[in-house]
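Here the structure comes first, spelled out in structure tokens, and everything after it is commentary.
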Amino acid sequence: MTIGPESPPKRRPPWLAIGFTVVALTAGGLGFGLGRATGPDLLRSGGTSPASTSSSPNVFTISGSMTVNGRCGAGGYTDITLGGQVEIVNQDNEVLGVGTLQGGTGSCSFRFTVSGIPEGERLYGAKIGNASRGVIWHSEQDAKHQGFHLTLG
């Protein structure tokens, strides 16, 4: 048996290390992005904001009602039904919070509550039903203390 010179160890190609680094950085960036997409900002828009902190605006809850004089859920009022969407918007029509129509005192009377609405907007509007219904506007004080009580028909 003849023992010859040792062969040098095989080197890994440099692109392998570069590729591994790119994959690791991409995964870290995706994790950060997903964390931001499910953080407090997204929760606030759904009306389930955590308690406000000094770095976030003060928030309040808007309550209200929707009454349909006529046949709700039928005819020209098919968009006003139990579980229908209620949007609270600011003066720029940006959605501040979303709620749903809940059961009320009669078959065509609904109530709603939308939480996590930030203070400090010039105007607050309520959108209920389809786009042709328009927006009812209140000042911050009226939105906080009176809420929105709407009637159709």
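Chain labels A, B, ... are given in the sequence in which chains occur in the structure tokens; within each chain residues are numbered consecutively from 1, and ligands are likewise numbered from 1 in the order shown.
Residues with any atom within 6 Å of Val114 of chain A, counting only C-alpha atoms and excluding same-chain neighbours fewer than 4 positions away, are A:Thr61, A:Ile62, A:Gly99.
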Would you save the residues of that selection, restricted to C-alpha atoms, as a CSV table (one decimal), in the first residue's frame?
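Printed below is part02.csv as written:
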chain,number,residue,atom,x,y,z
A,61,THR,CA,-66.9,53.8,21.0
A,62,ILE,CA,-69.7,54.9,18.7
A,99,GLY,CA,-69.3,47.0,13.0
Of A:Gly64, A:Pro118, A:Gly70, A:Gly125, the one nearest to Glu87 of chain A when counting only C-alpha atoms is A:Gly125
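Atom pair atom CA of Pro57 of chain A / atom CA of Thr100 of chain A: separated by 23.5 Å.
For the residues A:Trp137, A:Phe110, A:Phe60, A:Tyr77, ranking by smallest atom-to-atom distance to Tyr124 of chain A using only C-alpha atoms places A:Trp137 first.
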Here atom CA of Asn93 of chain A and atom CA of Val135 of chain A stand apart by 9.3 Å
Judged by only C-alpha atoms, the minimum distance to Leu82 of chain A among A:Phe148, A:Leu101, A:Glu121, A:Glu140 is found for A:Leu101
